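Visitor: Would you mind keeping the following structure in view while I ask a few things?
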Amino acid sequence: MKVLVTGGLGFIGSHTVVELQLKGFDVVVIDNLSNASTDVLDGIAEITGKRPEFEKIDLRDKASVSEFFKKYPDVEGVIHFAASKAVGESVENPLLYYENNLNTLIYMLQELSAKDNANFIFSSSCTVYGQADKLPITEDAPVKPAESPYGNTKQIGEEIIKDTCKVKKGLNAISLRYFNPIGAHESAAIGELPLGVPQNLVPFITQTAAGLRNELAVFGNDYPTPDGTCVRDYIHVVDLAKAHVVALERLLNEKNESNYEVFNLGTGTGSSVLEVIESFERVSEEKLNYRIAPRREGDVTAAYADTHKANDVLGWKAGSSLDEAMLSAWKWEKKIRNL
Ligand code: UFG
């Protein structure tokens with residue numbers, strides 16, 4: 001069965017391609033290589049023994065999207081990762097984000113709407129909840145005004161899919177709201193490759209330990225949390241990847257309760273920034289150089305998932321611990337830095 005993975009050479013995309021191939025799916029990847037390289041195809045092949053088909057396409061080019069579906073009429077499911085994801089950059093260049101993240105989604109849905117039956121998985125984010133009033137966060141928690149154009153593209157993206165599903169009954173879609181994906185494949189054949197200075201906590205930690213950065217700035221220790229630092233739900237990327245396969249199978253096996261569904265993907269456990277650092281130091285046996293710095297604008301105090309719906313309805317549960325995820329991230333960093 002053929003599955004299209006857009007952004008399939010990126011961090012979460014590449015791990016999902018691996019899990020799909022291990023389950024016997026025939027994968028075709030679209031990527032514009034703006035934030036990834038074709039070396040990732042080798043990493044995927046190293047793990048699975050198979051190179052997925054690859055098409056270098058920029059999904060902002062509507063004609064190319066149409067051409068793709070003419071060439072591959074047998075695609076039965078689409079997992080759509082392709083998007084820009086840097087919060088700060090989205091504030092600097094909102095139109096780039098609206099074009100990259102929304103035009104591409106619209107072109108994709110236009111193609112899928114023309115089919116009698118199509119199955120679509122969308123990369124959404126816990127950022128749609130903002131600072132939730134209640135923790136853990138259920139899927140029913142209200143969507144809060146977005147803090148950034150990036151966050152807004154996820155909210156609008158979900159609305160676009162929901163509205164389309166209302167009128168296109170052959171289109172079945174699931175939005176997956178990720179909490180904080182971290183880690184790498186245990187083989188260290190694929191992992192996260194941030195461009196430039198990492199914005200996210202875990203790649204910043206591993207790059208600091210690897211000597212690429214002098215020190216980690218911990219953004220604020222005066223939050224109303226047990227140790228004063230922000231709390232997040234860090235989920236191993238391989239667990240997250242597996243959830244995509246489960247979600248797609250739900251659609252392919254017609255197990256979905258309606259043609260548009262939403263699931264949180266997290267572990268259900270909140271960890272503070274200091275706890276993440278402790279975990280890193282424990283598994284790596286390295287001392288991390290860090291200092292407390294002022295708060296970062298736009299950060300919420302705490303966010304972690306209520307996982308009941310994903311566990312009970314989707315039938316998926318995150319299996320890895322924070323320590324396992326941190327160890328895999330460190331193994332990957334050491335490999336790419338030849339340490
Ligand atoms: N942090 C630091 N120092 C750093 C980087 C991060 O202390 O150098 C802290 C942050 O303040 C935050 C925590 O580590 O408390 C996690 O930060 P990340 O940047 O790794 O992740 P976020 O929770 O900010 O990101 C999440 C989602 C994004 C989304 C964003 C919106 O993963 O997809 O929320 O705010 F865009």
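Lettering and numbering for the structure tokens are positional, with chains as A, B, ... in the shown order, residues counted from 1 in each chain, and ligands counted from 1 in the shown order.
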Mind checking which residues fall within 9 Å of Asn259 (chain A), counting only C-alpha atoms, ignoring those fewer than 2 positions away in the same chain, and posting them as JSON, numbers by chain?
Guide: {"A": [162, 165, 166, 168, 169, 170, 171, 172, 173, 174, 251, 256, 257, 261]}
Visitor: Take the residues that were just selected and, keeping N, CA, C and O atoms, output them as an mmCIF file, in the first residue's frame.
Guide:
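This went into selection_4.cif:
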```
data_model
loop_
_atom_site.group_PDB
_atom_site.id
_atom_site.type_symbol
_atom_site.label_atom_id
_atom_site.label_comp_id
_atom_site.auth_asym_id
_atom_site.auth_seq_id
_atom_site.Cartn_x
_atom_site.Cartn_y
_atom_site.Cartn_z
ATOM 1 N N LYS A 162 -10.822 20.673 8.778
ATOM 2 C CA LYS A 162 -12.159 20.388 9.333
ATOM 3 C C LYS A 162 -13.255 20.841 8.367
ATOM 4 O O LYS A 162 -14.202 20.100 8.084
ATOM 5 N N CYS A 165 -13.385 18.541 5.340
ATOM 6 C CA CYS A 165 -13.969 17.226 5.657
ATOM 7 C C CYS A 165 -15.490 17.297 5.773
ATOM 8 O O CYS A 165 -16.176 16.314 5.486
ATOM 9 N N LYS A 166 -15.999 18.450 6.194
ATOM 10 C CA LYS A 166 -17.462 18.597 6.315
ATOM 11 C C LYS A 166 -18.156 18.377 4.985
ATOM 12 O O LYS A 166 -19.255 17.841 4.926
ATOM 13 N N LYS A 168 -16.462 17.070 2.074
ATOM 14 C CA LYS A 168 -15.879 15.979 1.272
ATOM 15 C C LYS A 168 -15.908 14.709 2.112
ATOM 16 O O LYS A 168 -14.997 14.450 2.908
ATOM 17 N N LYS A 169 -16.955 13.943 1.940
ATOM 18 C CA LYS A 169 -17.128 12.785 2.812
ATOM 19 C C LYS A 169 -16.127 11.670 2.524
ATOM 20 O O LYS A 169 -15.880 10.804 3.370
ATOM 21 N N GLY A 170 -15.544 11.676 1.326
ATOM 22 C CA GLY A 170 -14.531 10.658 1.009
ATOM 23 C C GLY A 170 -13.166 10.990 1.595
ATOM 24 O O GLY A 170 -12.238 10.191 1.535
ATOM 25 N N LEU A 171 -13.053 12.179 2.152
ATOM 26 C CA LEU A 171 -11.777 12.593 2.749
ATOM 27 C C LEU A 171 -11.813 12.311 4.244
ATOM 28 O O LEU A 171 -12.697 12.801 4.957
ATOM 29 N N ASN A 172 -10.892 11.489 4.702
ATOM 30 C CA ASN A 172 -10.777 11.172 6.129
ATOM 31 C C ASN A 172 -9.474 11.753 6.638
ATOM 32 O O ASN A 172 -8.417 11.498 6.047
ATOM 33 N N ALA A 173 -9.565 12.518 7.726
ATOM 34 C CA ALA A 173 -8.351 13.198 8.198
ATOM 35 C C ALA A 173 -8.224 13.109 9.712
ATOM 36 O O ALA A 173 -9.219 13.020 10.434
ATOM 37 N N ILE A 174 -6.980 13.133 10.143
ATOM 38 C CA ILE A 174 -6.669 13.189 11.582
ATOM 39 C C ILE A 174 -5.604 14.257 11.788
ATOM 40 O O ILE A 174 -4.585 14.264 11.089
ATOM 41 N N LEU A 251 -7.443 5.045 9.732
ATOM 42 C CA LEU A 251 -8.198 5.533 8.576
ATOM 43 C C LEU A 251 -8.309 4.465 7.493
ATOM 44 O O LEU A 251 -9.384 4.237 6.939
ATOM 45 N N ASN A 256 -12.190 4.964 12.079
ATOM 46 C CA ASN A 256 -12.427 6.313 12.617
ATOM 47 C C ASN A 256 -13.916 6.549 12.871
ATOM 48 O O ASN A 256 -14.775 6.030 12.156
ATOM 49 N N GLU A 257 -14.176 7.340 13.928
ATOM 50 C CA GLU A 257 -15.572 7.587 14.315
ATOM 51 C C GLU A 257 -16.213 8.703 13.508
ATOM 52 O O GLU A 257 -17.431 8.775 13.389
ATOM 53 N N GLU A 261 -10.811 13.813 12.938
ATOM 54 C CA GLU A 261 -10.541 13.565 14.357
ATOM 55 C C GLU A 261 -9.233 14.251 14.773
ATOM 56 O O GLU A 261 -8.373 14.522 13.933
#
```
Visitor: Residues at most 8 Å from ligand 1, using only C-alpha atoms and all ligand atoms? Could they come as a PyMOL selection string?
Guide: chain A and resi 85-87+125-127+130+147-148+150-151+178-181+198-202+204-205+216-220+229-232+272-273+293+295-296+298-303
Visitor: Pull the strand (DSSP E or B) assignments for region 38-230 of chain A out of DSSP run on the backbone, and list those residues as a VMD selection string.
Guide: chain A and resid 53 to 56 75 to 80 118 to 125 137 171 to 178 180 to 182 216 to 219
Visitor: Which residues are near Ser187 (chain A)? Cut-off 12 Å, only C-alpha atoms, ignore same chain within fewer than 6 positions. Put them as a list of chain:residue names.
Guide: A:His15, A:Val18, A:Gly43, A:Ile44, A:Ala45, A:Glu46, A:Ile47, A:Thr48, A:Val238, A:Leu327, A:Ser328, A:Ala329, A:Trp330, A:Lys331, A:Trp332, A:Lys335
Visitor: Identify, on the basis of only C-alpha atoms, every residue whose closest approach to Gly319 (chain A) does not exceed 9 Å; exclude the query and any residue fewer than 6 positions from it along the same chain; express the result as a VMD selection string.
Guide: chain A and resid 236 239 267
Visitor: Using only C-alpha atoms, which of the listed residues (A:Asp163, A:Glu92, A:Glu297, A:Asp233) sits closest to Leu135 (chain A)?
Guide: A:Asp233
Visitor: Mind pulling up the distance from CA of Gly196 (chain A) to CA of Tyr129 (chain A)?
Guide: 28.0 Å
Visitor: Might you pull out every residue within 10 Å of region 76-81 of chain A, with only C-alpha atoms counted and same-chain residues fewer than 6 positions away left off, and present them as a VMD selection string?
Guide: chain A and resid 1 to 14 16 to 17 27 to 31 101 104 to 105 108 112 115 117 to 124 172 to 175 244 to 245 247 to 249 251 to 252
Visitor: Tell me, as a list in words, which residues lie within 8 Å of Leu322 (chain A), counting only C-alpha atoms; anything in the same chain fewer than 2 positions away does not count.
Guide: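 The contact residues come out as Tyr234, Ile235, His236, Val276, Ser279, Ser320, Glu324, Ala325 and Met326 of chain A.
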Visitor: Write the residues you've just listed into a file as a JSON list (two decimals), in the first residue's frame, and include C-alpha atoms for each of them.
Guide:
```
[["chain", "number", "residue", "atom", "x", "y", "z"],
["A", 234, "TYR", "CA", 8.84, 15.54, 26.02],
["A", 235, "ILE", "CA", 8.04, 12.62, 23.75],
["A", 236, "HIS", "CA", 10.50, 10.28, 22.04],
["A", 276, "VAL", "CA", 15.61, 17.53, 31.41],
["A", 279, "SER", "CA", 18.23, 13.45, 32.82],
["A", 320, "SER", "CA", 9.96, 5.46, 26.10],
["A", 324, "GLU", "CA", 15.83, 6.84, 26.95],
["A", 325, "ALA", "CA", 14.96, 9.77, 24.71],
["A", 326, "MET", "CA", 17.82, 11.88, 26.08]]
```
Visitor: Could you jot down the CA of Tyr107 (chain A) to CA of Ser258 (chain A) separation for me, Å, one decimal place?
Guide: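 Going from CA of Tyr107 (chain A) over to CA of Ser258 (chain A), I get 22.9 Å.
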Visitor: Which one of A:Leu274, A:Pro149, A:Glu192, A:Thr208 sits closest to Asn221 (chain A) if you count only C-alpha atoms?
Guide: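 Result for the nearest residue to Asn221 (chain A): A:Leu274.
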Visitor: Once DSSP has gone over the backbone, tell me which residues of region 178-315 of chain A are in helix (DSSP H, G or I), as number ranges by chain.
Guide: A: 201-209, 237-252, 273-284, 308-314
Visitor: Just the residues within 9 Å of Pro136 (chain A), please, counting only C-alpha atoms, with nothing from its chain fewer than 3 positions along; format it as a PyMOL selection string.
Guide: chain A and resi 132+268-270+303-307
